[in-house]
file input.pdb (PDB, C-alpha atoms and all ligand atoms)
ATOM      1  CA  MET A   1       7.258  22.512  16.289
ATOM      2  CA  SER A   2       7.855  21.025  19.716
ATOM      3  CA  ALA A   3      10.391  18.245  20.271
ATOM      4  CA  LEU A   4       9.200  14.689  20.919
ATOM      5  CA  SER A   5       8.618  13.211  24.381
ATOM      6  CA  GLN A   6      11.047  10.367  23.527
ATOM      7  CA  LYS A   7      14.786  10.229  22.847
ATOM      8  CA  HIS A   8      14.191   7.352  20.379
ATOM      9  CA  LEU A   9      11.495   6.226  17.982
ATOM     10  CA  LEU A  10      11.265   2.543  18.929
ATOM     11  CA  GLY A  11       7.547   2.041  18.442
ATOM     12  CA  ILE A  12       4.263   3.911  18.154
ATOM     13  CA  LYS A  13       3.243   2.427  21.512
ATOM     14  CA  TYR A  14       5.737   4.763  23.255
ATOM     15  CA  LEU A  15       4.466   7.962  21.564
ATOM     16  CA  LYS A  16       1.945  10.440  22.900
ATOM     17  CA  ASN A  17      -0.769  12.162  20.880
ATOM     18  CA  ALA A  18       1.210  15.420  20.999
ATOM     19  CA  ASP A  19       4.225  13.635  19.448
ATOM     20  CA  VAL A  20       2.174  12.502  16.447
ATOM     21  CA  GLU A  21       0.678  15.990  16.117
ATOM     22  CA  SER A  22       4.171  17.503  16.148
ATOM     23  CA  ILE A  23       5.405  14.973  13.545
ATOM     24  CA  PHE A  24       2.418  15.733  11.269
ATOM     25  CA  ASN A  25       2.857  19.532  11.567
ATOM     26  CA  THR A  26       6.589  19.273  10.843
ATOM     27  CA  THR A  27       5.916  16.898   7.922
ATOM     28  CA  THR A  28       3.602  19.464   6.364
ATOM     29  CA  GLU A  29       6.376  22.088   6.607
ATOM     30  CA  PHE A  30       8.938  19.732   5.062
ATOM     31  CA  LYS A  31       6.506  18.834   2.268
ATOM     32  CA  LYS A  32       6.630  22.516   1.288
ATOM     33  CA  VAL A  33      10.447  22.300   1.145
ATOM     34  CA  LEU A  34      10.163  19.253  -1.127
ATOM     35  CA  GLN A  35       8.017  21.246  -3.596
ATOM     36  CA  ARG A  36      10.821  23.782  -4.083
ATOM     37  CA  LYS A  37      13.462  23.699  -6.823
ATOM     38  CA  ILE A  38      16.182  23.283  -4.194
ATOM     39  CA  LYS A  39      14.723  20.588  -1.965
ATOM     40  CA  LYS A  40      17.232  20.938   0.822
ATOM     41  CA  VAL A  41      17.516  22.598   4.248
ATOM     42  CA  PRO A  42      20.545  22.847   6.580
ATOM     43  CA  SER A  43      18.642  21.502   9.633
ATOM     44  CA  LEU A  44      20.946  18.514  10.297
ATOM     45  CA  ARG A  45      24.227  19.969   9.011
ATOM     46  CA  GLY A  46      27.067  18.500  11.086
ATOM     47  CA  GLU A  47      24.987  15.493  12.261
ATOM     48  CA  THR A  48      26.042  12.002  11.205
ATOM     49  CA  ILE A  49      23.441   9.257  10.802
ATOM     50  CA  SER A  50      24.051   5.566  10.111
ATOM     51  CA  ASN A  51      21.473   3.421   8.323
ATOM     52  CA  ILE A  52      21.994  -0.110   9.652
ATOM     53  CA  PHE A  53      19.957  -2.636   7.711
ATOM     54  CA  PHE A  54      20.088  -6.390   8.408
ATOM     55  CA  GLU A  55      17.058  -7.036   6.177
ATOM     56  CA  ASN A  56      16.270  -6.121   2.594
ATOM     57  CA  SER A  57      14.526  -2.818   1.955
ATOM     58  CA  THR A  58      13.740  -0.533  -0.965
ATOM     59  CA  ARG A  59      11.305   2.123   0.302
ATOM     60  CA  THR A  60      12.396   2.551   3.916
ATOM     61  CA  LYS A  61      16.141   2.583   3.236
ATOM     62  CA  LEU A  62      16.028   4.917   0.229
ATOM     63  CA  SER A  63      13.448   7.153   1.867
ATOM     64  CA  PHE A  64      15.562   7.573   5.027
ATOM     65  CA  GLU A  65      18.668   8.184   2.931
ATOM     66  CA  LEU A  66      16.961  10.816   0.812
ATOM     67  CA  ALA A  67      15.409  12.458   3.889
ATOM     68  CA  GLN A  68      18.884  12.666   5.489
ATOM     69  CA  LYS A  69      20.320  14.250   2.319
ATOM     70  CA  ARG A  70      17.443  16.751   2.189
ATOM     71  CA  LEU A  71      18.285  17.694   5.808
ATOM     72  CA  SER A  72      22.029  18.066   4.959
ATOM     73  CA  ALA A  73      23.137  15.282   7.351
ATOM     74  CA  ASP A  74      26.242  13.157   6.712
ATOM     75  CA  ILE A  75      25.343   9.486   6.280
ATOM     76  CA  ILE A  76      26.984   6.080   6.362
ATOM     77  CA  ASN A  77      25.145   2.989   5.183
ATOM     78  CA  PHE A  78      25.648  -0.486   6.610
ATOM     79  CA  SER A  79      24.418  -3.666   4.977
ATOM     80  CA  HIS A  80      25.069  -6.926   6.803
ATOM     81  CA  THR A  81      25.644  -8.902   3.594
ATOM     82  CA  ASN A  82      29.006  -7.248   2.905
ATOM     83  CA  SER A  83      30.071  -6.488   6.486
ATOM     84  CA  SER A  84      32.268  -8.132   9.150
ATOM     85  CA  VAL A  85      29.107  -9.683  10.664
ATOM     86  CA  LYS A  86      29.906 -12.384   8.082
ATOM     87  CA  LYS A  87      33.186 -12.968   9.986
ATOM     88  CA  GLY A  88      31.320 -13.462  13.268
ATOM     89  CA  GLU A  89      31.268  -9.927  14.735
ATOM     90  CA  SER A  90      28.440  -9.501  17.261
ATOM     91  CA  LEU A  91      25.497  -7.128  16.871
ATOM     92  CA  LEU A  92      26.615  -4.866  19.698
ATOM     93  CA  ASP A  93      30.282  -4.811  18.593
ATOM     94  CA  THR A  94      29.130  -3.837  15.110
ATOM     95  CA  VAL A  95      27.075  -0.953  16.466
ATOM     96  CA  THR A  96      29.635   0.316  19.003
ATOM     97  CA  ASN A  97      32.297   0.364  16.268
ATOM     98  CA  ILE A  98      30.027   2.391  13.996
ATOM     99  CA  LEU A  99      29.271   4.767  16.888
ATOM    100  CA  ALA A 100      33.005   5.186  17.608
ATOM    101  CA  MET A 101      33.170   7.008  14.253
ATOM    102  CA  LYS A 102      31.113   9.807  15.904
ATOM    103  CA  VAL A 103      27.632   8.889  14.716
ATOM    104  CA  GLU A 104      24.738  10.690  16.442
ATOM    105  CA  MET A 105      21.752   8.693  15.220
ATOM    106  CA  ILE A 106      21.015   5.159  14.015
ATOM    107  CA  VAL A 107      18.248   3.968  11.715
ATOM    108  CA  TRP A 108      17.808   0.284  12.512
ATOM    109  CA  ARG A 109      16.203  -2.629  10.628
ATOM    110  CA  HIS A 110      16.641  -6.190  11.856
ATOM    111  CA  TRP A 111      14.649  -9.418  11.815
ATOM    112  CA  GLN A 112      14.825  -9.802  15.615
ATOM    113  CA  VAL A 113      11.848  -8.526  17.648
ATOM    114  CA  GLY A 114      13.120  -6.056  20.289
ATOM    115  CA  SER A 115      16.523  -5.521  18.655
ATOM    116  CA  ALA A 116      15.959  -1.747  18.278
ATOM    117  CA  ASN A 117      15.171  -1.511  22.028
ATOM    118  CA  PHE A 118      18.297  -3.586  22.764
ATOM    119  CA  ILE A 119      20.530  -1.157  20.831
ATOM    120  CA  ALA A 120      18.874   1.840  22.505
ATOM    121  CA  GLN A 121      19.446   0.290  25.958
ATOM    122  CA  HIS A 122      23.090  -0.599  25.372
ATOM    123  CA  THR A 123      24.333   2.562  23.625
ATOM    124  CA  LYS A 124      23.965   6.299  24.119
ATOM    125  CA  THR A 125      22.837   7.034  20.561
ATOM    126  CA  THR A 126      19.355   7.931  19.305
ATOM    127  CA  VAL A 127      17.710   4.922  17.627
ATOM    128  CA  ILE A 128      14.942   4.945  15.026
ATOM    129  CA  ASN A 129      13.276   1.578  14.486
ATOM    130  CA  ALA A 130      12.893   0.969  10.740
ATOM    131  CA  GLY A 131      11.299  -2.455  11.372
ATOM    132  CA  ASP A 132      12.216  -5.116  13.975
ATOM    133  CA  GLY A 133      10.869  -8.539  13.064
ATOM    134  CA  THR A 134       7.114  -8.758  13.528
ATOM    135  CA  ASN A 135       7.115  -6.114  16.277
ATOM    136  CA  GLU A 136       6.817  -2.535  14.950
ATOM    137  CA  HIS A 137       7.527  -0.350  11.901
ATOM    138  CA  PRO A 138       6.669   3.057  13.365
ATOM    139  CA  THR A 139       7.718   5.309  10.464
ATOM    140  CA  GLN A 140       5.525   3.254   8.098
ATOM    141  CA  ALA A 141       2.504   3.699  10.364
ATOM    142  CA  LEU A 142       3.156   7.435  10.658
ATOM    143  CA  LEU A 143       3.364   7.881   6.893
ATOM    144  CA  ASP A 144       0.230   5.741   6.422
ATOM    145  CA  ALA A 145      -1.660   7.826   8.985
ATOM    146  CA  TYR A 146      -0.306  11.085   7.528
ATOM    147  CA  SER A 147      -1.526  10.031   4.053
ATOM    148  CA  LEU A 148      -5.013   9.360   5.477
ATOM    149  CA  HIS A 149      -4.914  12.632   7.425
ATOM    150  CA  GLU A 150      -4.024  14.475   4.202
ATOM    151  CA  LYS A 151      -6.906  12.802   2.353
ATOM    152  CA  PHE A 152      -9.656  12.967   4.999
ATOM    153  CA  GLY A 153      -8.564  15.923   7.188
ATOM    154  CA  SER A 154      -9.051  13.950  10.400
ATOM    155  CA  LEU A 155      -8.897  10.283  11.370
ATOM    156  CA  LYS A 156     -11.485  10.616  14.118
ATOM    157  CA  GLY A 157     -14.275   8.136  13.403
ATOM    158  CA  LEU A 158     -12.693   6.988  10.134
ATOM    159  CA  ASN A 159     -13.279   3.268   9.410
ATOM    160  CA  VAL A 160      -9.961   1.680   8.479
ATOM    161  CA  LEU A 161      -9.799  -1.942   7.360
ATOM    162  CA  ILE A 162      -6.461  -3.742   7.670
ATOM    163  CA  LEU A 163      -6.482  -6.672   5.246
ATOM    164  CA  GLY A 164      -3.991  -9.499   4.791
ATOM    165  CA  ASP A 165      -1.156 -11.181   6.647
ATOM    166  CA  ILE A 166      -1.657  -9.573  10.061
ATOM    167  CA  LEU A 167       0.114 -12.375  11.950
ATOM    168  CA  HIS A 168       3.533 -11.588  10.452
ATOM    169  CA  SER A 169       3.089  -7.842  10.061
ATOM    170  CA  ARG A 170       4.928  -5.168  12.059
ATOM    171  CA  VAL A 171       3.084  -2.628   9.873
ATOM    172  CA  ALA A 172      -0.249  -3.913  11.222
ATOM    173  CA  MET A 173       0.878  -3.555  14.846
ATOM    174  CA  SER A 174       2.197  -0.008  14.395
ATOM    175  CA  ASN A 175      -0.888   0.969  12.374
ATOM    176  CA  ILE A 176      -3.209  -0.319  15.095
ATOM    177  CA  TYR A 177      -1.416   1.728  17.790
ATOM    178  CA  CYS A 178      -1.251   4.846  15.598
ATOM    179  CA  LEU A 179      -4.788   4.768  14.179
ATOM    180  CA  LYS A 180      -6.293   4.057  17.603
ATOM    181  CA  MET A 181      -4.421   7.011  19.074
ATOM    182  CA  LEU A 182      -5.841   9.245  16.335
ATOM    183  CA  GLY A 183      -9.425   8.084  16.927
ATOM    184  CA  ALA A 184     -10.002   5.810  13.910
ATOM    185  CA  ASN A 185     -12.115   2.623  14.062
ATOM    186  CA  ILE A 186     -10.132  -0.438  13.026
ATOM    187  CA  LYS A 187     -11.313  -3.741  11.607
ATOM    188  CA  LEU A 188      -9.022  -6.626  10.662
ATOM    189  CA  CYS A 189      -9.790  -9.016   7.807
ATOM    190  CA  CYS A 190      -7.822 -12.178   6.996
ATOM    191  CA  PRO A 191      -8.099 -15.959   7.262
ATOM    192  CA  LYS A 192      -8.404 -16.897  10.966
ATOM    193  CA  THR A 193      -4.982 -18.560  10.735
ATOM    194  CA  LEU A 194      -3.353 -15.162   9.997
ATOM    195  CA  LEU A 195      -5.010 -13.397  12.949
ATOM    196  CA  PRO A 196      -2.707 -13.060  16.013
ATOM    197  CA  LYS A 197      -4.170 -14.470  19.253
ATOM    198  CA  HIS A 198      -5.638 -11.842  21.645
ATOM    199  CA  ILE A 199      -5.275  -9.011  19.077
ATOM    200  CA  THR A 200      -8.898  -7.908  19.551
ATOM    201  CA  GLU A 201      -7.879  -6.952  23.129
ATOM    202  CA  LEU A 202      -6.207  -3.924  21.473
ATOM    203  CA  GLY A 203      -9.687  -2.546  20.726
ATOM    204  CA  VAL A 204      -9.989  -3.675  17.106
ATOM    205  CA  SER A 205     -12.706  -5.846  15.571
ATOM    206  CA  TYR A 206     -12.384  -8.820  13.212
ATOM    207  CA  GLU A 207     -14.408  -9.784  10.135
ATOM    208  CA  GLU A 208     -13.468 -12.874   8.163
ATOM    209  CA  ASP A 209     -15.736 -12.015   5.213
ATOM    210  CA  LEU A 210     -14.035  -9.368   3.041
ATOM    211  CA  ASN A 211     -17.249  -8.492   1.178
ATOM    212  CA  LYS A 212     -18.934  -7.550   4.480
ATOM    213  CA  ALA A 213     -15.858  -5.678   5.740
ATOM    214  CA  LEU A 214     -15.682  -3.602   2.555
ATOM    215  CA  LEU A 215     -19.223  -2.282   3.063
ATOM    216  CA  TRP A 216     -17.974  -0.749   6.345
ATOM    217  CA  ALA A 217     -14.580   0.667   5.292
ATOM    218  CA  ASP A 218     -13.577   4.231   4.376
ATOM    219  CA  ALA A 219     -10.003   3.058   3.732
ATOM    220  CA  VAL A 220      -8.322  -0.324   3.256
ATOM    221  CA  ASN A 221      -4.675  -0.897   4.110
ATOM    222  CA  VAL A 222      -3.691  -4.068   2.255
ATOM    223  CA  LEU A 223      -0.778  -6.020   3.725
ATOM    224  CA  ARG A 224       1.650  -8.219   1.869
ATOM    225  CA  ILE A 225       1.449 -11.981   2.292
ATOM    226  CA  GLN A 226       4.867 -12.477   3.890
ATOM    227  CA  LEU A 227       5.788 -15.802   2.340
ATOM    228  CA  GLU A 228       9.388 -15.482   3.660
ATOM    229  CA  ARG A 229       8.147 -15.424   7.295
ATOM    230  CA  GLN A 230       5.624 -18.253   6.881
ATOM    231  CA  ASN A 231       7.042 -21.580   8.024
ATOM    232  CA  GLN A 232       3.768 -23.472   7.531
ATOM    233  CA  ALA A 233       0.722 -23.325   5.253
ATOM    234  CA  TYR A 234      -1.697 -20.701   6.644
ATOM    235  CA  PHE A 235      -4.239 -21.128   3.842
ATOM    236  CA  PRO A 236      -4.964 -24.113   1.576
ATOM    237  CA  SER A 237      -3.744 -22.558  -1.673
ATOM    238  CA  ARG A 238      -2.855 -19.287  -3.389
ATOM    239  CA  GLU A 239      -6.071 -19.622  -5.451
ATOM    240  CA  GLU A 240      -8.195 -19.929  -2.301
ATOM    241  CA  TYR A 241      -6.575 -16.843  -0.748
ATOM    242  CA  ILE A 242      -7.200 -14.850  -3.935
ATOM    243  CA  GLN A 243     -10.823 -15.971  -4.085
ATOM    244  CA  HIS A 244     -11.624 -14.872  -0.511
ATOM    245  CA  TRP A 245      -9.139 -12.155   0.521
ATOM    246  CA  SER A 246      -7.485 -10.608  -2.534
ATOM    247  CA  LEU A 247      -8.661  -7.021  -3.055
ATOM    248  CA  THR A 248     -10.193  -7.094  -6.528
ATOM    249  CA  ASN A 249     -12.379  -4.735  -8.571
ATOM    250  CA  GLN A 250     -15.184  -7.263  -8.330
ATOM    251  CA  LYS A 251     -15.148  -7.206  -4.508
ATOM    252  CA  LEU A 252     -14.809  -3.401  -4.481
ATOM    253  CA  ASN A 253     -17.958  -2.956  -6.567
ATOM    254  CA  ARG A 254     -20.197  -2.659  -3.505
ATOM    255  CA  SER A 255     -17.806  -0.609  -1.323
ATOM    256  CA  LYS A 256     -18.204   3.085  -0.387
ATOM    257  CA  LYS A 257     -17.726   5.496  -3.305
ATOM    258  CA  ASN A 258     -14.812   7.503  -1.883
ATOM    259  CA  MET A 259     -12.953   4.606  -0.319
ATOM    260  CA  VAL A 260      -9.159   4.742  -0.607
ATOM    261  CA  ILE A 261      -6.567   1.987  -0.819
ATOM    262  CA  LEU A 262      -3.177   1.836   0.850
ATOM    263  CA  HIS A 263      -0.382  -0.732   0.746
ATOM    264  CA  PRO A 264       2.990  -0.348   2.502
ATOM    265  CA  GLY A 265       4.795  -2.269  -0.260
ATOM    266  CA  PRO A 266       6.363  -4.312  -1.619
ATOM    267  CA  ILE A 267       3.247  -5.575  -3.424
ATOM    268  CA  ASN A 268       2.576  -9.154  -4.484
ATOM    269  CA  ARG A 269       0.517  -8.124  -7.509
ATOM    270  CA  GLY A 270      -2.261 -10.631  -8.199
ATOM    271  CA  LEU A 271      -2.071 -12.137  -4.698
ATOM    272  CA  GLU A 272      -3.187  -9.762  -1.913
ATOM    273  CA  ILE A 273      -4.274  -7.080  -4.412
ATOM    274  CA  GLN A 274      -5.282  -7.051  -8.068
ATOM    275  CA  SER A 275      -2.938  -4.955 -10.213
ATOM    276  CA  THR A 276      -5.672  -2.655 -11.525
ATOM    277  CA  VAL A 277      -6.785  -1.945  -7.918
ATOM    278  CA  ALA A 278      -3.233  -1.051  -6.846
ATOM    279  CA  ASP A 279      -2.924   1.390  -9.760
ATOM    280  CA  ALA A 280      -6.450   2.862  -9.580
ATOM    281  CA  GLU A 281      -7.207   6.551  -9.023
ATOM    282  CA  ASN A 282      -8.289   5.975  -5.417
ATOM    283  CA  SER A 283      -5.001   4.230  -4.567
ATOM    284  CA  LEU A 284      -2.757   6.214  -2.186
ATOM    285  CA  ILE A 285       0.175   3.816  -2.574
ATOM    286  CA  LEU A 286       2.548   6.261  -4.279
ATOM    287  CA  ASN A 287       1.343   9.130  -2.041
ATOM    288  CA  GLN A 288       2.476   6.971   0.891
ATOM    289  CA  VAL A 289       5.941   6.621  -0.653
ATOM    290  CA  GLU A 290       6.121  10.353  -1.397
ATOM    291  CA  ASN A 291       5.000  11.270   2.126
ATOM    292  CA  GLY A 292       7.537   8.838   3.588
ATOM    293  CA  VAL A 293      10.421  11.219   2.821
ATOM    294  CA  ALA A 294       8.827  14.227   4.558
ATOM    295  CA  VAL A 295       7.621  12.136   7.512
ATOM    296  CA  ARG A 296      11.142  10.746   8.037
ATOM    297  CA  MET A 297      12.634  14.233   7.691
ATOM    298  CA  ALA A 298      10.256  15.396  10.427
ATOM    299  CA  ILE A 299      11.106  12.481  12.739
ATOM    300  CA  MET A 300      14.887  12.889  12.402
ATOM    301  CA  TYR A 301      14.630  16.663  12.766
ATOM    302  CA  LEU A 302      12.499  16.437  15.925
ATOM    303  CA  LEU A 303      14.684  13.709  17.472
ATOM    304  CA  SER A 304      17.835  15.722  16.762
ATOM    305  CA  LYS A 305      16.335  18.572  18.812
ATOM    306  CA  GLN A 306      16.106  16.139  21.770
ATOM    307  CA  ALA A 307      19.733  15.091  21.813
TER
HETATM  308  N1  LIG B 401       7.213  -0.689   3.422
HETATM  309  C1  LIG B 401       8.479  -1.144   3.592
HETATM  310  O1  LIG B 401       9.007  -1.257   4.715
HETATM  311  O2  LIG B 401       9.117  -1.434   2.418
HETATM  312  P1  LIG B 401      10.640  -1.886   2.306
HETATM  313  O3  LIG B 401      10.761  -3.245   2.942
HETATM  314  O4  LIG B 401      10.960  -1.882   0.832
HETATM  315  O5  LIG B 401      11.474  -0.894   3.063
END
call {"tool": "encode", "arguments": {"input": "input.pdb", "output": "structure tokens", "more": "lines below"}}
Ligand code: CP
result
Amino acid sequence: MSALSQKHLLGIKYLKNADVESIFNTTTEFKKVLQRKIKKVPSLRGETISNIFFENSTRTKLSFELAQKRLSADIINFSHTNSSVKKGESLLDTVTNILAMKVEMIVWRHWQVGSANFIAQHTKTTVINAGDGTNEHPTQALLDAYSLHEKFGSLKGLNVLILGDILHSRVAMSNIYCLKMLGANIKLCCPKTLLPKHITELGVSYEEDLNKALLWADAVNVLRIQLERQNQAYFPSREEYIQHWSLTNQKLNRSKKNMVILHPGPINRGLEIQSTVADAENSLILNQVENGVAVRMAIMYLLSKQA
């Protein structure tokens, strides 16, 4: 297990192939720990980590917290809704005060693009980006790619379709960087209004017709329609979106036999994905959540070796 090339995990775009390989190998070792009766190792004993979340989260926050407990780290959780941010304290003052309590690592979620980089630049601590606006969500992409790697053995030449609200999705950006690095072919499918300008310059293709795209795909990563980030109507109606872009059993009828389905969560059941599709045997959605703990253990362990 070699340490990472970076002090921080701010985005997949900063990682090298060897970093991802090291994260995957370490994840596999930690998965073995999580199968044991006592699912705990002393790897981060004496380290203090703060989870600083300015946005709502279920999976990422709980998964990081559990991963820290499994590694025997001490943790403090910050939620902006009941903090002195409400009294006007600045972002940087908030962080420097938390760091003054002798915190070695920060897990950071905020709605502002670039805010994780800002904290990394203005403090001496190690920062893990747990989602900054529409920019990146690197740990989600790593757990998505690890789940595909576990299923298919290798991602080289694998056809991965990313379906849904790509315009507002940090998961899409991190997945594109990560899957490309690992040699997968990537196609995007969504209404044209939800496709970011110039995105095909990243070496991905676009298909508006989901039925055609499904004939090509080995795996589909379905993204949530982020209604809270949409300040205008990107499609005429919910019914129209469902008709053309919702992943349903009917549309899946003609897809490849062993195709698998991913979704980073939270799911809008009945909108971007039909409930029975989300819960089907070929759905990796709960495998993703399970793998998230081991992937985050691996990332924090490898970054702690850097410091
Ligand atoms: N996938 C994801 O980031 O989910 P949460 O917003 O619940 O953390």
call {"tool": "residues_near_ligand", "arguments": {"input": "input.pdb", "ligand": "ligand LIG 401 (chain B)", "cutoff": "8 Å", "atoms": "only C-alpha atoms and all ligand atoms", "output": "PDB file with C-alpha atoms, in the frame of the given file"}}
result
ATOM      1  CA  ASN A  56      16.270  -6.121   2.594  1.00  0.00           C
ATOM      2  CA  SER A  57      14.526  -2.818   1.955  1.00  0.00           C
ATOM      3  CA  THR A  58      13.740  -0.533  -0.965  1.00  0.00           C
ATOM      4  CA  ARG A  59      11.305   2.123   0.302  1.00  0.00           C
ATOM      5  CA  THR A  60      12.396   2.551   3.916  1.00  0.00           C
ATOM      6  CA  LYS A  61      16.141   2.583   3.236  1.00  0.00           C
ATOM      7  CA  LEU A  62      16.028   4.917   0.229  1.00  0.00           C
ATOM      8  CA  ALA A 130      12.893   0.969  10.740  1.00  0.00           C
ATOM      9  CA  GLY A 131      11.299  -2.455  11.372  1.00  0.00           C
ATOM     10  CA  HIS A 137       7.527  -0.350  11.901  1.00  0.00           C
ATOM     11  CA  GLN A 140       5.525   3.254   8.098  1.00  0.00           C
ATOM     12  CA  VAL A 171       3.084  -2.628   9.873  1.00  0.00           C
ATOM     13  CA  PRO A 264       2.990  -0.348   2.502  1.00  0.00           C
ATOM     14  CA  GLY A 265       4.795  -2.269  -0.260  1.00  0.00           C
ATOM     15  CA  PRO A 266       6.363  -4.312  -1.619  1.00  0.00           C
TER      16      PRO A 266
END
call {"tool": "residues_around", "arguments": {"input": "input.pdb", "residues": "region 237-240 of chain A", "least_positions_apart": "3", "cutoff": "12 Å", "atoms": "all atoms listed in the file", "output": "list in words"}}
result
Pro191, Ile225, Leu227, Gln232, Ala233, Tyr234, Gln243, His244, Trp245, Ser246, Asn268, Gly270, Leu271 and Glu272 of chain A
call {"tool": "resolve_selection", "arguments": {"input": "input.pdb", "expression": "the PyMOL selection byres (((chain A and resi 273) around 12) and not hetatm)", "output": "PyMOL selection string"}}
result
chain A and resi 163-164+220-225+241-252+261-263+265-272+274-280+283+285
call {"tool": "residues_near_point", "arguments": {"input": "input.pdb", "point": "(16.1, -5.1, 8.0)", "cutoff": "10 Å", "atoms": "all atoms listed in the file", "output": "ChimeraX atom specification"}}
result
/A:52-57,60-61,79-80,108-112,129-133
call {"tool": "resolve_selection", "arguments": {"input": "input.pdb", "expression": "the PyMOL selection byres (((chain A and resi 45) around 10) and not hetatm)", "output": "NGL selection string"}}
result
:A and (41-44 or 46-48 or 68-69 or 71-74)
call {"tool": "residues_around", "arguments": {"input": "input.pdb", "residues": "Asn175 (chain A)", "least_positions_apart": "3", "cutoff": "8 Å", "atoms": "only C-alpha atoms", "output": "CSV table (one decimal) with C-alpha atoms, keeping the file's coordinate frame"}}
result
chain,number,residue,atom,x,y,z
A,138,PRO,CA,6.7,3.1,13.4
A,141,ALA,CA,2.5,3.7,10.4
A,142,LEU,CA,3.2,7.4,10.7
A,144,ASP,CA,0.2,5.7,6.4
A,145,ALA,CA,-1.7,7.8,9.0
A,171,VAL,CA,3.1,-2.6,9.9
A,172,ALA,CA,-0.2,-3.9,11.2
A,178,CYS,CA,-1.3,4.8,15.6
A,179,LEU,CA,-4.8,4.8,14.2
call {"tool": "resolve_selection", "arguments": {"input": "input.pdb", "expression": "the PyMOL selection byres (((chain A and resi 8) around 6) and not hetatm)", "output": "ChimeraX atom specification"}}
result
/A:6-7,9-10,126-128
call {"tool": "atom_distance", "arguments": {"input": "input.pdb", "atom1": "CA of Leu210 (chain A)", "atom2": "CA of Ile162 (chain A)"}}
result
10.5 Å
call {"tool": "decode", "arguments": {"input": "input.pdb", "residues": "region 94-98 of chain A", "atoms": "all heavy atoms", "output": "CSV table (one decimal), in the first residue's frame"}}
result
chain,number,residue,atom,x,y,z
A,94,THR,N,-14.4,29.8,11.0
A,94,THR,CA,-15.0,28.6,11.5
A,94,THR,C,-14.0,27.4,11.4
A,94,THR,O,-13.8,26.7,12.4
A,94,THR,CB,-16.3,28.2,10.6
A,94,THR,OG1,-17.2,29.3,10.7
A,94,THR,CG2,-16.9,26.9,11.1
A,95,VAL,N,-13.4,27.3,10.3
A,95,VAL,CA,-12.4,26.2,10.1
A,95,VAL,C,-11.2,26.4,11.0
A,95,VAL,O,-10.7,25.5,11.6
A,95,VAL,CB,-12.0,26.1,8.6
A,95,VAL,CG1,-10.9,25.1,8.4
A,95,VAL,CG2,-13.2,25.7,7.7
A,96,THR,N,-10.6,27.6,11.0
A,96,THR,CA,-9.4,27.8,11.8
A,96,THR,C,-9.7,27.6,13.3
A,96,THR,O,-8.8,27.1,14.0
A,96,THR,CB,-8.8,29.2,11.6
A,96,THR,OG1,-9.8,30.2,11.8
A,96,THR,CG2,-8.1,29.3,10.2
A,97,ASN,N,-10.9,27.9,13.7
A,97,ASN,CA,-11.2,27.6,15.1
A,97,ASN,C,-11.4,26.1,15.4
A,97,ASN,O,-10.9,25.6,16.4
A,97,ASN,CB,-12.5,28.3,15.5
A,97,ASN,CG,-12.3,29.8,15.9
A,97,ASN,OD1,-12.0,30.1,17.1
A,97,ASN,ND2,-12.2,30.7,14.9
A,98,ILE,N,-11.9,25.4,14.4
A,98,ILE,CA,-12.0,23.9,14.6
A,98,ILE,C,-10.6,23.3,14.6
A,98,ILE,O,-10.3,22.5,15.4
A,98,ILE,CB,-12.9,23.3,13.5
A,98,ILE,CG1,-14.3,23.7,13.7
A,98,ILE,CG2,-12.7,21.8,13.4
A,98,ILE,CD1,-15.3,23.4,12.5
